[in-house]
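**Student:** Hey, dropping work.cif in here, mmCIF, C-alpha atoms and all ligand atoms:
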```
data_model
#
loop_
_atom_site.label_atom_id
_atom_site.label_comp_id
_atom_site.auth_asym_id
_atom_site.auth_seq_id
_atom_site.Cartn_x
_atom_site.Cartn_y
_atom_site.Cartn_z
CA ASP A 176 15.77 -120.41 -119.87
CA VAL A 177 16.13 -123.15 -117.29
CA VAL A 178 19.57 -124.53 -116.52
CA ASP A 179 19.25 -127.89 -114.79
CA VAL A 180 22.42 -127.97 -112.68
CA ARG A 181 21.81 -131.51 -111.38
CA SER A 182 23.75 -133.00 -114.29
CA LEU A 183 26.66 -130.65 -113.54
CA THR A 184 27.02 -131.58 -109.88
CA GLY A 185 30.54 -132.71 -109.16
CA LYS A 186 31.81 -131.14 -112.40
CA GLY A 187 32.94 -127.89 -110.88
CA LEU A 188 29.79 -125.82 -111.35
CA PHE A 189 28.54 -124.05 -108.23
CA THR A 190 25.57 -121.66 -108.27
CA TYR A 191 25.38 -118.73 -105.87
CA ASP A 192 21.91 -117.18 -105.57
CA PRO A 193 21.25 -115.35 -102.27
CA GLY A 194 17.52 -115.01 -101.66
CA PHE A 195 16.81 -117.76 -104.22
CA VAL A 196 15.92 -115.14 -106.81
CA SER A 197 16.47 -117.44 -109.76
CA THR A 198 16.88 -120.90 -108.30
CA ALA A 199 14.03 -123.43 -108.34
CA ALA A 200 14.30 -125.80 -105.40
CA THR A 201 11.60 -128.10 -106.74
CA GLU A 202 9.14 -128.87 -109.52
CA SER A 203 5.50 -128.34 -108.57
CA LYS A 204 2.07 -128.72 -110.16
CA ILE A 205 0.14 -126.73 -107.56
CA THR A 206 0.46 -123.00 -108.22
CA TYR A 207 1.70 -120.91 -111.13
CA ILE A 208 2.72 -117.27 -110.83
CA ASP A 209 3.71 -114.85 -113.58
CA GLY A 210 4.87 -111.85 -111.58
CA ASP A 211 5.33 -109.57 -114.57
CA ALA A 212 1.84 -110.22 -115.95
CA GLY A 213 0.17 -110.33 -112.50
CA VAL A 214 -1.09 -113.90 -112.98
CA LEU A 215 -1.79 -116.41 -110.20
CA LEU A 216 -3.25 -119.83 -111.03
CA HIS A 217 -4.07 -122.67 -108.63
CA ARG A 218 -4.02 -125.99 -110.49
CA GLY A 219 -4.59 -123.89 -113.63
CA TYR A 220 -7.56 -121.87 -112.34
CA PRO A 221 -7.10 -118.05 -112.13
CA ILE A 222 -7.34 -116.68 -108.59
CA GLU A 223 -9.95 -114.10 -109.69
CA GLN A 224 -12.26 -116.91 -110.91
CA LEU A 225 -11.76 -118.92 -107.73
CA ALA A 226 -12.50 -115.85 -105.58
CA GLU A 227 -15.67 -115.19 -107.59
CA ASN A 228 -17.04 -118.73 -107.96
CA SER A 229 -15.40 -120.98 -105.40
CA ASP A 230 -15.01 -120.85 -101.64
CA TYR A 231 -12.15 -121.52 -99.26
CA LEU A 232 -12.81 -125.19 -98.51
CA GLU A 233 -13.40 -126.03 -102.17
CA THR A 234 -10.10 -124.32 -102.98
CA CYS A 235 -8.43 -126.38 -100.21
CA PHE A 236 -9.73 -129.53 -101.92
CA LEU A 237 -8.42 -128.27 -105.28
CA LEU A 238 -4.95 -127.57 -103.86
CA LEU A 239 -4.76 -130.94 -102.14
CA HIS A 240 -6.24 -133.14 -104.88
CA GLY A 241 -5.49 -131.27 -108.10
CA GLU A 242 -9.11 -131.06 -109.32
CA LEU A 243 -12.25 -129.26 -108.23
CA PRO A 244 -14.51 -131.60 -106.25
CA THR A 245 -17.75 -133.06 -107.62
CA ALA A 246 -20.84 -132.10 -105.58
CA GLU A 247 -20.58 -135.37 -103.66
CA GLU A 248 -16.85 -135.00 -103.05
CA LYS A 249 -17.38 -131.48 -101.79
CA GLU A 250 -20.10 -132.57 -99.39
CA ASN A 251 -17.87 -135.37 -98.06
CA PHE A 252 -14.90 -133.02 -97.72
CA LEU A 253 -16.94 -130.44 -95.79
CA SER A 254 -18.27 -133.09 -93.47
CA THR A 255 -14.76 -134.56 -92.93
CA ILE A 256 -13.40 -131.13 -92.02
CA LYS A 257 -16.30 -130.57 -89.60
CA ASN A 258 -15.50 -133.90 -87.97
CA HIS A 259 -12.05 -132.63 -87.06
CA THR A 260 -12.77 -129.09 -85.81
CA MET A 261 -12.36 -129.87 -82.09
CA VAL A 262 -8.96 -130.10 -80.44
CA HIS A 263 -8.07 -132.57 -77.68
CA GLU A 264 -9.33 -131.15 -74.38
CA GLN A 265 -5.86 -131.64 -72.89
CA LEU A 266 -4.44 -129.22 -75.45
CA SER A 267 -6.44 -126.41 -73.84
CA HIS A 268 -4.21 -126.77 -70.74
CA PHE A 269 -1.15 -125.89 -72.85
CA PHE A 270 -2.37 -122.33 -73.05
CA ASN A 271 -1.93 -121.82 -69.32
CA GLY A 272 1.83 -122.10 -69.83
CA PHE A 273 1.87 -118.93 -71.90
CA ARG A 274 1.69 -115.37 -70.65
CA ARG A 275 -1.60 -113.76 -71.65
CA ASP A 276 0.27 -110.97 -73.40
CA ALA A 277 2.35 -113.39 -75.49
CA HIS A 278 2.29 -112.68 -79.22
CA PRO A 279 -0.40 -114.94 -80.74
CA MET A 280 2.08 -116.24 -83.35
CA ALA A 281 4.40 -117.40 -80.54
CA VAL A 282 1.52 -119.39 -79.05
CA MET A 283 0.49 -120.75 -82.47
CA CYS A 284 4.03 -122.08 -83.12
CA GLY A 285 3.75 -123.98 -79.84
CA VAL A 286 0.23 -125.37 -79.99
CA VAL A 287 0.30 -126.39 -83.67
CA GLY A 288 3.63 -128.20 -83.16
CA ALA A 289 2.11 -129.82 -80.06
CA LEU A 290 -0.62 -131.45 -82.17
CA SER A 291 1.97 -134.06 -83.17
CA ALA A 292 1.93 -135.27 -79.57
CA PHE A 293 -1.74 -136.22 -79.98
CA TYR A 294 -1.72 -137.91 -83.39
CA HIS A 295 0.88 -140.64 -83.57
CA ASP A 296 -0.49 -141.86 -86.91
CA SER A 297 0.84 -138.61 -88.43
CA LEU A 298 4.37 -139.99 -88.00
CA ASP A 299 3.60 -142.49 -90.75
CA ILE A 300 4.25 -139.93 -93.48
CA HIS A 301 4.71 -142.50 -96.25
CA ASP A 302 1.09 -143.66 -96.06
CA PRO A 303 -1.01 -141.33 -98.30
CA LYS A 304 -4.11 -142.06 -96.19
CA HIS A 305 -2.39 -140.82 -93.03
CA ARG A 306 -1.02 -137.79 -94.85
CA MET A 307 -4.55 -136.85 -95.91
CA ILE A 308 -5.90 -137.31 -92.36
CA SER A 309 -3.19 -134.92 -91.12
CA ALA A 310 -4.18 -132.45 -93.85
CA HIS A 311 -7.83 -132.59 -92.75
CA ARG A 312 -6.90 -132.22 -89.09
CA LEU A 313 -4.74 -129.19 -89.76
CA ILE A 314 -7.27 -127.39 -91.99
CA ALA A 315 -10.04 -128.10 -89.47
CA LYS A 316 -8.17 -127.26 -86.28
CA MET A 317 -6.30 -124.11 -87.32
CA PRO A 318 -9.36 -121.80 -86.86
CA THR A 319 -10.16 -123.46 -83.53
CA LEU A 320 -6.60 -122.92 -82.26
CA ALA A 321 -6.48 -119.39 -83.70
CA ALA A 322 -9.68 -118.44 -81.85
CA MET A 323 -8.40 -120.11 -78.66
CA VAL A 324 -5.21 -118.03 -78.87
CA TYR A 325 -7.32 -114.87 -79.05
CA LYS A 326 -9.73 -115.86 -76.28
CA TYR A 327 -6.81 -116.75 -74.02
CA SER A 328 -5.19 -113.36 -74.64
CA ILE A 329 -8.32 -111.53 -73.46
CA GLY A 330 -9.13 -113.89 -70.60
CA GLN A 331 -12.41 -115.17 -72.03
CA PRO A 332 -13.47 -118.84 -72.03
CA PHE A 333 -12.71 -120.85 -75.17
CA MET A 334 -15.65 -121.31 -77.52
CA TYR A 335 -16.25 -124.78 -78.95
CA PRO A 336 -16.64 -124.98 -82.72
CA ARG A 337 -20.17 -125.03 -84.12
CA ASN A 338 -20.44 -127.50 -86.96
CA ASP A 339 -23.81 -126.16 -88.14
CA LEU A 340 -21.96 -123.04 -89.35
CA SER A 341 -19.75 -122.61 -92.40
CA TYR A 342 -15.95 -122.65 -91.93
CA SER A 343 -15.64 -118.85 -91.82
CA GLU A 344 -18.88 -118.25 -89.86
CA ASN A 345 -17.67 -120.74 -87.28
CA PHE A 346 -14.31 -118.97 -87.03
CA LEU A 347 -15.97 -115.59 -86.40
CA HIS A 348 -18.35 -117.27 -83.93
CA MET A 349 -15.43 -118.74 -81.94
CA MET A 350 -13.62 -115.37 -82.04
CA PHE A 351 -16.41 -113.01 -81.07
CA ASN A 352 -19.21 -114.93 -79.36
CA THR A 353 -19.17 -115.89 -75.69
CA PRO A 354 -21.09 -118.46 -73.66
CA CYS A 355 -23.32 -115.52 -72.60
CA GLU A 356 -23.93 -114.08 -76.05
CA ASP A 357 -24.38 -116.06 -79.28
CA LYS A 358 -24.85 -113.44 -81.98
CA LYS A 359 -25.52 -114.33 -85.61
CA VAL A 360 -22.45 -113.78 -87.76
CA SER A 361 -22.95 -111.21 -90.54
CA PRO A 362 -22.99 -113.00 -93.94
CA VAL A 363 -21.01 -110.12 -95.52
CA LEU A 364 -18.26 -110.44 -92.90
CA ALA A 365 -18.26 -114.25 -93.14
CA LYS A 366 -17.88 -113.97 -96.92
CA ALA A 367 -15.04 -111.45 -96.50
CA MET A 368 -13.33 -113.80 -94.04
CA ASP A 369 -13.72 -116.70 -96.47
CA ARG A 370 -12.16 -114.59 -99.23
CA ILE A 371 -9.22 -113.62 -97.03
CA PHE A 372 -8.60 -117.32 -96.31
CA LEU A 373 -9.02 -118.22 -100.00
CA LEU A 374 -6.70 -115.48 -101.28
CA HIS A 375 -3.99 -116.63 -98.87
CA ALA A 376 -4.43 -120.35 -99.54
CA ASP A 377 -1.22 -120.84 -101.51
CA HIS A 378 1.55 -118.88 -103.17
CA GLU A 379 4.09 -121.44 -104.40
CA GLN A 380 7.60 -121.38 -102.93
CA ASN A 381 7.39 -118.34 -100.60
CA ALA A 382 9.57 -118.30 -97.48
CA SER A 383 7.13 -120.16 -95.21
CA THR A 384 6.18 -122.81 -97.79
CA SER A 385 9.85 -123.38 -98.58
CA THR A 386 10.43 -123.74 -94.83
CA VAL A 387 7.67 -126.36 -94.61
CA ARG A 388 9.20 -128.25 -97.55
CA LEU A 389 12.72 -128.06 -96.13
CA ALA A 390 11.57 -129.27 -92.71
CA GLY A 391 9.44 -131.96 -94.39
CA SER A 392 12.37 -133.17 -96.48
CA THR A 393 13.97 -134.51 -93.29
CA GLY A 394 10.94 -136.75 -92.69
CA ALA A 395 9.60 -134.58 -89.84
CA ASN A 396 5.89 -135.01 -89.06
CA PRO A 397 3.40 -132.60 -90.70
CA PHE A 398 2.46 -130.73 -87.51
CA ALA A 399 6.12 -129.96 -86.79
CA CYS A 400 6.58 -128.82 -90.41
CA ILE A 401 3.56 -126.50 -90.28
CA ALA A 402 4.80 -125.07 -86.95
CA ALA A 403 8.09 -124.28 -88.75
CA GLY A 404 6.08 -122.60 -91.53
CA ILE A 405 4.20 -120.52 -88.95
CA ALA A 406 7.52 -119.35 -87.46
CA ALA A 407 8.79 -118.30 -90.90
CA LEU A 408 5.53 -116.54 -91.74
CA TRP A 409 5.75 -114.39 -88.62
CA GLY A 410 8.44 -112.05 -89.98
CA PRO A 411 7.40 -108.55 -91.12
CA ALA A 412 8.84 -109.10 -94.62
CA HIS A 413 6.37 -111.99 -95.06
CA GLY A 414 3.10 -112.64 -93.20
CA GLY A 415 3.84 -110.10 -90.49
CA ALA A 416 3.39 -107.33 -93.07
CA ASN A 417 -0.40 -107.06 -92.56
CA GLU A 418 0.19 -106.31 -88.88
CA ALA A 419 2.99 -103.90 -89.80
CA VAL A 420 0.63 -102.03 -92.17
CA LEU A 421 -1.71 -101.18 -89.32
CA ARG A 422 1.15 -100.15 -87.04
CA MET A 423 2.47 -97.92 -89.82
CA LEU A 424 -0.96 -96.33 -90.38
CA ALA A 425 -1.21 -95.60 -86.66
CA GLU A 426 2.28 -94.08 -86.73
CA ILE A 427 1.39 -91.87 -89.71
CA GLY A 428 -1.56 -90.74 -87.62
CA ASP A 429 -2.84 -88.01 -89.91
CA GLU A 430 -3.20 -87.48 -93.67
CA SER A 431 -0.92 -84.43 -93.39
CA ASN A 432 2.00 -86.73 -92.42
CA ILE A 433 1.78 -89.00 -95.47
CA ASP A 434 4.29 -87.04 -97.58
CA LYS A 435 6.84 -87.22 -94.74
CA PHE A 436 6.51 -91.03 -94.58
CA ILE A 437 6.71 -91.38 -98.38
CA ALA A 438 9.95 -89.37 -98.27
CA LYS A 439 11.28 -91.63 -95.49
CA ALA A 440 10.48 -94.72 -97.58
CA LYS A 441 12.43 -93.29 -100.51
CA ASP A 442 15.43 -92.26 -98.38
CA LYS A 443 18.13 -94.93 -98.78
CA ASP A 444 19.73 -93.92 -95.48
CA ASP A 445 16.47 -94.67 -93.66
CA PRO A 446 15.55 -98.36 -93.15
CA PHE A 447 11.82 -97.49 -93.17
CA ARG A 448 9.74 -99.12 -95.92
CA LEU A 449 6.10 -98.61 -96.78
CA MET A 450 4.56 -101.74 -95.32
CA GLY A 451 2.11 -103.51 -97.62
CA PHE A 452 3.93 -102.28 -100.72
CA GLY A 453 6.12 -104.33 -103.03
CA HIS A 454 6.49 -108.03 -103.63
CA ARG A 455 9.40 -110.30 -104.50
CA VAL A 456 7.55 -111.86 -107.43
CA TYR A 457 4.89 -109.35 -108.52
CA LYS A 458 6.59 -106.40 -110.13
CA ASN A 459 3.37 -105.34 -111.85
CA PHE A 460 0.37 -105.86 -109.57
CA ASP A 461 -0.67 -108.59 -107.19
CA PRO A 462 -3.90 -110.12 -108.61
CA ARG A 463 -4.99 -111.01 -105.07
CA ALA A 464 -4.72 -107.36 -104.06
CA LYS A 465 -7.30 -106.39 -106.70
CA VAL A 466 -9.87 -108.87 -105.34
CA MET A 467 -8.98 -107.89 -101.78
CA LYS A 468 -9.54 -104.22 -102.55
CA GLN A 469 -13.04 -105.02 -103.83
CA THR A 470 -13.79 -107.03 -100.66
CA CYS A 471 -12.38 -104.16 -98.61
CA ASP A 472 -14.88 -101.74 -100.20
CA GLU A 473 -17.76 -104.18 -99.51
CA VAL A 474 -16.79 -104.62 -95.85
CA LEU A 475 -16.35 -100.89 -95.20
CA ALA A 476 -19.78 -100.22 -96.78
CA GLU A 477 -21.42 -103.01 -94.73
CA LEU A 478 -19.95 -101.59 -91.52
CA GLY A 479 -20.51 -97.95 -92.51
CA MET A 480 -16.82 -97.27 -91.95
CA GLU A 481 -15.95 -95.36 -95.12
CA ASP A 482 -15.11 -92.32 -92.97
CA ASP A 483 -12.89 -94.09 -90.43
CA PRO A 484 -9.80 -91.82 -90.05
CA MET A 485 -7.24 -94.64 -90.26
CA LEU A 486 -8.87 -96.11 -93.33
CA LYS A 487 -8.89 -92.68 -94.93
CA ILE A 488 -5.12 -92.47 -94.35
CA ALA A 489 -4.75 -95.90 -95.97
CA MET A 490 -6.70 -94.88 -99.08
CA LYS A 491 -4.81 -91.60 -99.45
CA LEU A 492 -1.47 -93.38 -98.99
CA GLU A 493 -2.43 -95.94 -101.63
CA LYS A 494 -3.27 -93.14 -104.09
CA ILE A 495 -0.14 -91.08 -103.47
CA ALA A 496 2.27 -94.04 -103.51
CA THR A 497 0.85 -95.63 -106.66
CA GLU A 498 1.31 -92.33 -108.52
CA ASP A 499 4.83 -91.62 -107.19
CA GLU A 500 7.66 -92.17 -109.67
CA TYR A 501 9.87 -93.99 -107.10
CA PHE A 502 7.24 -96.67 -106.49
CA VAL A 503 6.09 -96.91 -110.11
CA LYS A 504 9.67 -97.31 -111.42
CA ARG A 505 10.36 -100.17 -108.99
CA GLY A 506 6.99 -101.86 -109.51
CA LEU A 507 6.00 -101.35 -105.85
CA TYR A 508 2.23 -101.70 -105.71
CA PRO A 509 0.01 -102.35 -102.70
CA ASN A 510 0.14 -106.09 -101.98
CA VAL A 511 -2.50 -108.42 -100.57
CA ASP A 512 -1.47 -107.58 -97.00
CA PHE A 513 -2.20 -103.90 -97.43
CA TYR A 514 -5.92 -104.53 -97.97
CA SER A 515 -6.28 -107.62 -95.79
CA GLY A 516 -4.96 -105.62 -92.82
CA ILE A 517 -7.60 -102.95 -93.39
CA ILE A 518 -10.42 -105.51 -93.74
CA LEU A 519 -9.37 -107.43 -90.63
CA LYS A 520 -9.19 -104.22 -88.63
CA ALA A 521 -12.69 -103.27 -89.82
CA ILE A 522 -14.07 -106.71 -88.86
CA GLY A 523 -12.72 -106.11 -85.34
CA ILE A 524 -9.81 -108.58 -85.39
CA PRO A 525 -6.98 -107.24 -83.22
CA THR A 526 -3.78 -106.38 -85.08
CA GLU A 527 -1.64 -109.03 -83.30
CA MET A 528 -4.01 -111.70 -84.71
CA PHE A 529 -3.55 -110.73 -88.37
CA THR A 530 -0.64 -113.05 -89.08
CA VAL A 531 -2.47 -115.89 -87.32
CA ILE A 532 -5.31 -115.41 -89.83
CA PHE A 533 -2.77 -115.54 -92.66
CA ALA A 534 -1.34 -118.77 -91.21
CA THR A 535 -4.83 -120.28 -91.01
CA GLY A 536 -5.53 -119.44 -94.65
CA ARG A 537 -2.10 -120.64 -95.83
CA THR A 538 -2.36 -124.06 -94.16
CA PRO A 539 -3.78 -125.94 -97.21
CA GLY A 540 -0.96 -124.55 -99.37
CA TRP A 541 1.70 -125.63 -96.89
CA ILE A 542 0.23 -129.08 -96.54
CA ALA A 543 -0.39 -129.51 -100.30
CA HIS A 544 3.29 -128.74 -100.97
CA TRP A 545 4.42 -131.05 -98.19
CA ASN A 546 2.18 -133.81 -99.55
CA GLU A 547 3.37 -133.24 -103.13
CA MET A 548 6.97 -133.51 -101.97
CA ILE A 549 6.49 -136.67 -99.90
CA SER A 550 4.56 -138.31 -102.79
CA SER A 551 7.43 -137.64 -105.18
CA ASP A 552 11.02 -138.70 -105.51
CA TYR A 553 12.55 -136.15 -103.12
CA ARG A 554 15.87 -135.69 -101.38
CA ILE A 555 16.65 -133.96 -98.12
CA GLY A 556 16.96 -130.20 -98.76
CA ARG A 557 20.51 -129.16 -98.02
CA PRO A 558 21.43 -125.68 -99.36
CA ARG A 559 25.12 -125.07 -99.88
CA GLN A 560 27.05 -121.89 -99.04
CA LEU A 561 29.81 -119.74 -100.46
CA TYR A 562 32.34 -119.68 -97.61
CA THR A 563 33.91 -116.22 -97.10
CA GLY A 564 35.56 -116.72 -93.70
CA HIS A 565 39.20 -117.36 -92.72
CA THR A 566 41.23 -119.94 -94.56
CA ARG A 567 42.76 -122.64 -92.34
CA ARG A 568 44.87 -121.24 -89.48
CA ASP A 569 46.56 -122.72 -86.45
CA TYR A 570 45.44 -122.23 -82.87
CA PRO A 571 47.90 -119.73 -81.24
CA ALA A 572 50.73 -121.43 -79.37
CA LYS A 573 50.46 -121.08 -75.57
N1 LIG B 1 9.04 -99.22 -99.50
C1 LIG B 1 10.06 -98.51 -100.06
N2 LIG B 1 10.96 -99.03 -100.91
C2 LIG B 1 10.85 -100.35 -101.20
C3 LIG B 1 9.84 -101.16 -100.66
C4 LIG B 1 8.90 -100.54 -99.79
N3 LIG B 1 7.90 -101.26 -99.26
N4 LIG B 1 9.97 -102.41 -101.13
C5 LIG B 1 11.05 -102.41 -101.93
N5 LIG B 1 11.58 -101.16 -101.98
C6 LIG B 1 12.69 -100.71 -102.83
C7 LIG B 1 14.04 -101.15 -102.27
O1 LIG B 1 14.59 -100.20 -101.41
C8 LIG B 1 14.83 -101.34 -103.54
O2 LIG B 1 15.19 -100.07 -104.01
P1 LIG B 1 16.60 -99.87 -104.82
O3 LIG B 1 16.45 -100.68 -106.07
O4 LIG B 1 16.66 -98.40 -105.07
O5 LIG B 1 17.68 -100.35 -103.92
C9 LIG B 1 13.81 -101.91 -104.54
O6 LIG B 1 12.54 -101.38 -104.08
C10 LIG B 1 13.75 -103.42 -104.60
O7 LIG B 1 13.60 -103.89 -103.25
P2 LIG B 1 14.10 -105.33 -102.77
O8 LIG B 1 14.25 -105.29 -101.29
O9 LIG B 1 15.27 -105.77 -103.60
O10 LIG B 1 12.88 -106.22 -103.19
P3 LIG B 1 12.61 -107.68 -102.68
O11 LIG B 1 11.95 -108.38 -103.80
O12 LIG B 1 13.85 -108.31 -102.12
O13 LIG B 1 11.62 -107.46 -101.44
C11 LIG B 1 9.63 -107.22 -100.19
C12 LIG B 1 10.26 -107.66 -101.51
C13 LIG B 1 10.33 -107.92 -99.01
C14 LIG B 1 8.17 -107.64 -100.16
C15 LIG B 1 9.77 -105.68 -100.07
O14 LIG B 1 9.09 -105.05 -101.15
C16 LIG B 1 9.26 -105.13 -98.73
O15 LIG B 1 10.03 -105.11 -97.76
N6 LIG B 1 7.96 -104.71 -98.66
C17 LIG B 1 7.38 -104.24 -97.43
C18 LIG B 1 6.95 -105.45 -96.58
C19 LIG B 1 5.73 -106.15 -97.15
O16 LIG B 1 4.73 -105.55 -97.49
N7 LIG B 1 5.81 -107.51 -97.21
C20 LIG B 1 4.71 -108.34 -97.68
C21 LIG B 1 5.13 -109.19 -98.80
S1 LIG B 1 3.73 -110.00 -99.48
C22 LIG B 1 3.44 -111.35 -98.55
O17 LIG B 1 4.24 -111.86 -97.82
C23 LIG B 1 2.08 -111.92 -98.70
#
```
What would the structure in this file look like if it were written as structure tokens?
**Tutor:**
Amino acid sequence: DVVDVRSLTGKGLFTYDPGFVSTAATESKITYIDGDAGVLLHRGYPIEQLAENSDYLETCFLLLHGELPTAEEKENFLSTIKNHTMVHEQLSHFFNGFRRDAHPMAVMCGVVGALSAFYHDSLDIHDPKHRMISAHRLIAKMPTLAAMVYKYSIGQPFMYPRNDLSYSENFLHMMFNTPCEDKKVSPVLAKAMDRIFLLHADHEQNASTSTVRLAGSTGANPFACIAAGIAALWGPAHGGANEAVLRMLAEIGDESNIDKFIAKAKDKDDPFRLMGFGHRVYKNFDPRAKVMKQTCDEVLAELGMEDDPMLKIAMKLEKIATEDEYFVKRGLYPNVDFYSGIILKAIGIPTEMFTVIFATGRTPGWIAHWNEMISSDYRIGRPRQLYTGHTRRDYPAK
């Protein structure tokens, strides 16, 4: 049942819903989730079918425009994105202001927000044409910036994008090739990367998307809004979970320690949680996790890593936790981050970069929601509060 409280505003009704568990902040036509049934649809299309038949950029088009592209539209979209892959040369100087050991998400918040300094047309948010140009710029430049963040952290020269490669091949090229060595990107790894981007492309009103919408509702420019989304995504309860999964696996260290960590996760006096398990909306299974698990198997086989000790711990943990009554009763299944962390580690992406990859994949979702909001009849987002502090009191007499 939906109670539309707008008509009751000013009539004494006040809703209190910490964590927005049952409060819709907006209507949306982009993504549908049924957490109990494990369903995720983008513009009506099931995520499993998109993962099987579509690719990341086509899914970006779908999220932005509401329909799958025709062959001609797809070709034009791909070529538009390729047109925007480079970043202004001056932006590369920004990196020098950061310590090389800075967390990549800290640098991403800065450089993505800084894009607004280069594109003044993005300030004209009420022109749909300019909104779409900003969308293309963001989708195209996120992998370039992500790879620059990584290269800066290891002291290697930045790699320019190669527009003869696909979106995901180009990303892996910019990450792992150098001016001295231009290796061909493995098609299996490029496909896995594309799937990771696709499976993260949107997830309705999660914390980072809601942050983008809230920032956007003030009329802020899209680059600033996406930088706000990146900041919100960073937390370990959201996008930072994939990084936390790997740290947890390293901490477990050996299969013989798994039971001890499961017991810790169940102990209510211990703040420890099994990272990569549970989801606010999916209390059955996360449909993205199923596809991700299949991709994970493909990648490990391609790299001959089935016997990697850390991956063995992950697989054993998955088995034990999904059979344990505590986790089953609470609907705590492995989420998308559990498997994406394992795949990214196998591909050779350093752990600190995991959330940056998530941010890159999530960009079309953020921008599609921002665009949907600005195209509609929206108001500034202004949550209320239930005040529990002191009642009025006088300043002590001197
Ligand atoms: N390990 C152990 N217990 C857990 C876990 C976990 N990972 N997750 C939830 N629980 C328990 C809670 O202690 C609580 O138990 P109780 O009912 O006995 O008190 C119950 O399950 C419900 O937990 P909530 O915190 O109320 O669930 P909520 O929906 O608020 O939180 C969240 C969801 C944040 C994802 C949580 O499951 C969690 O912290 N998971 C680990 C971090 C993680 O993997 N995050 C990624 C999310 S997916 C994404 O962002 C793409």
**Student:** Counting all atoms listed in the file, what are the residues of chain A within 7 Å of ligand LIG 1 (chain B), and for each of them which pair of atoms is the nearest and at what distance in Å, to one decimal? Sort the table by chain and rising number, as JSON lines.
**Tutor:**
```
{"residue": "A:Pro411", "atom": "CA", "partner": "B:LIG1", "partner_atom": "C18", "distance": 6.3}
{"residue": "A:Ala412", "atom": "CA", "partner": "B:LIG1", "partner_atom": "N7", "distance": 4.3}
{"residue": "A:His413", "atom": "CA", "partner": "B:LIG1", "partner_atom": "O17", "distance": 3.5}
{"residue": "A:Gly414", "atom": "CA", "partner": "B:LIG1", "partner_atom": "O17", "distance": 4.8}
{"residue": "A:Ala416", "atom": "CA", "partner": "B:LIG1", "partner_atom": "N7", "distance": 4.8}
{"residue": "A:Ala440", "atom": "CA", "partner": "B:LIG1", "partner_atom": "C1", "distance": 4.5}
{"residue": "A:Lys441", "atom": "CA", "partner": "B:LIG1", "partner_atom": "C1", "distance": 5.8}
{"residue": "A:Lys443", "atom": "CA", "partner": "B:LIG1", "partner_atom": "O1", "distance": 6.9}
{"residue": "A:Arg448", "atom": "CA", "partner": "B:LIG1", "partner_atom": "N1", "distance": 3.6}
{"residue": "A:Leu449", "atom": "CA", "partner": "B:LIG1", "partner_atom": "N3", "distance": 4.1}
{"residue": "A:Met450", "atom": "CA", "partner": "B:LIG1", "partner_atom": "C17", "distance": 4.3}
{"residue": "A:Gly451", "atom": "CA", "partner": "B:LIG1", "partner_atom": "O16", "distance": 3.3}
{"residue": "A:Phe452", "atom": "CA", "partner": "B:LIG1", "partner_atom": "N3", "distance": 4.4}
{"residue": "A:Gly453", "atom": "CA", "partner": "B:LIG1", "partner_atom": "O14", "distance": 3.6}
{"residue": "A:His454", "atom": "CA", "partner": "B:LIG1", "partner_atom": "C14", "distance": 3.9}
{"residue": "A:Arg455", "atom": "CA", "partner": "B:LIG1", "partner_atom": "O11", "distance": 3.3}
{"residue": "A:Val456", "atom": "CA", "partner": "B:LIG1", "partner_atom": "O11", "distance": 6.7}
{"residue": "A:Arg505", "atom": "CA", "partner": "B:LIG1", "partner_atom": "O6", "distance": 5.5}
{"residue": "A:Leu507", "atom": "CA", "partner": "B:LIG1", "partner_atom": "N4", "distance": 6.3}
{"residue": "A:Asn510", "atom": "CA", "partner": "B:LIG1", "partner_atom": "S1", "distance": 5.9}
{"residue": "A:Val511", "atom": "CA", "partner": "B:LIG1", "partner_atom": "C23", "distance": 6.1}
{"residue": "A:Asp512", "atom": "CA", "partner": "B:LIG1", "partner_atom": "C23", "distance": 5.9}
```
**Student:** Report as JSON lines the residues of region 511-552 of chain A within 12 Å of region 475-499 of chain A, each with its shortest atom pair and distance in Å (one decimal), using all atoms listed in the file, ordered by chain and increasing residue number.
**Tutor:**
```
{"residue": "A:Phe513", "atom": "CA", "partner": "A:Ala489", "partner_atom": "CA", "distance": 8.5}
{"residue": "A:Tyr514", "atom": "CA", "partner": "A:Ala489", "partner_atom": "CA", "distance": 8.9}
{"residue": "A:Ser515", "atom": "CA", "partner": "A:Ala489", "partner_atom": "CA", "distance": 11.8}
{"residue": "A:Gly516", "atom": "CA", "partner": "A:Ala489", "partner_atom": "CA", "distance": 10.2}
{"residue": "A:Ile517", "atom": "CA", "partner": "A:Leu486", "partner_atom": "CA", "distance": 7.0}
{"residue": "A:Ile518", "atom": "CA", "partner": "A:Leu475", "partner_atom": "CA", "distance": 7.7}
{"residue": "A:Leu519", "atom": "CA", "partner": "A:Leu475", "partner_atom": "CA", "distance": 10.6}
{"residue": "A:Lys520", "atom": "CA", "partner": "A:Leu486", "partner_atom": "CA", "distance": 9.4}
{"residue": "A:Ala521", "atom": "CA", "partner": "A:Leu475", "partner_atom": "CA", "distance": 6.9}
{"residue": "A:Ile522", "atom": "CA", "partner": "A:Leu478", "partner_atom": "CA", "distance": 8.2}
{"residue": "A:Gly523", "atom": "CA", "partner": "A:Leu478", "partner_atom": "CA", "distance": 10.5}
```
**Student:** Kindly give the distance, in Å, that separates CA of Tyr508 (chain A) and CA of Arg463 (chain A), rounded to a single decimal.
**Tutor:**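 Here the two named atoms are 11.8 Å from each other.
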**Student:** Pick the closest to Thr386 (chain A) from A:Phe252, A:Ile405, A:Ile371, A:Met317: which is it, counting only C-alpha atoms?
**Tutor:**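 Ranked by minimum distance to Thr386 (chain A), first place goes to A:Ile405.
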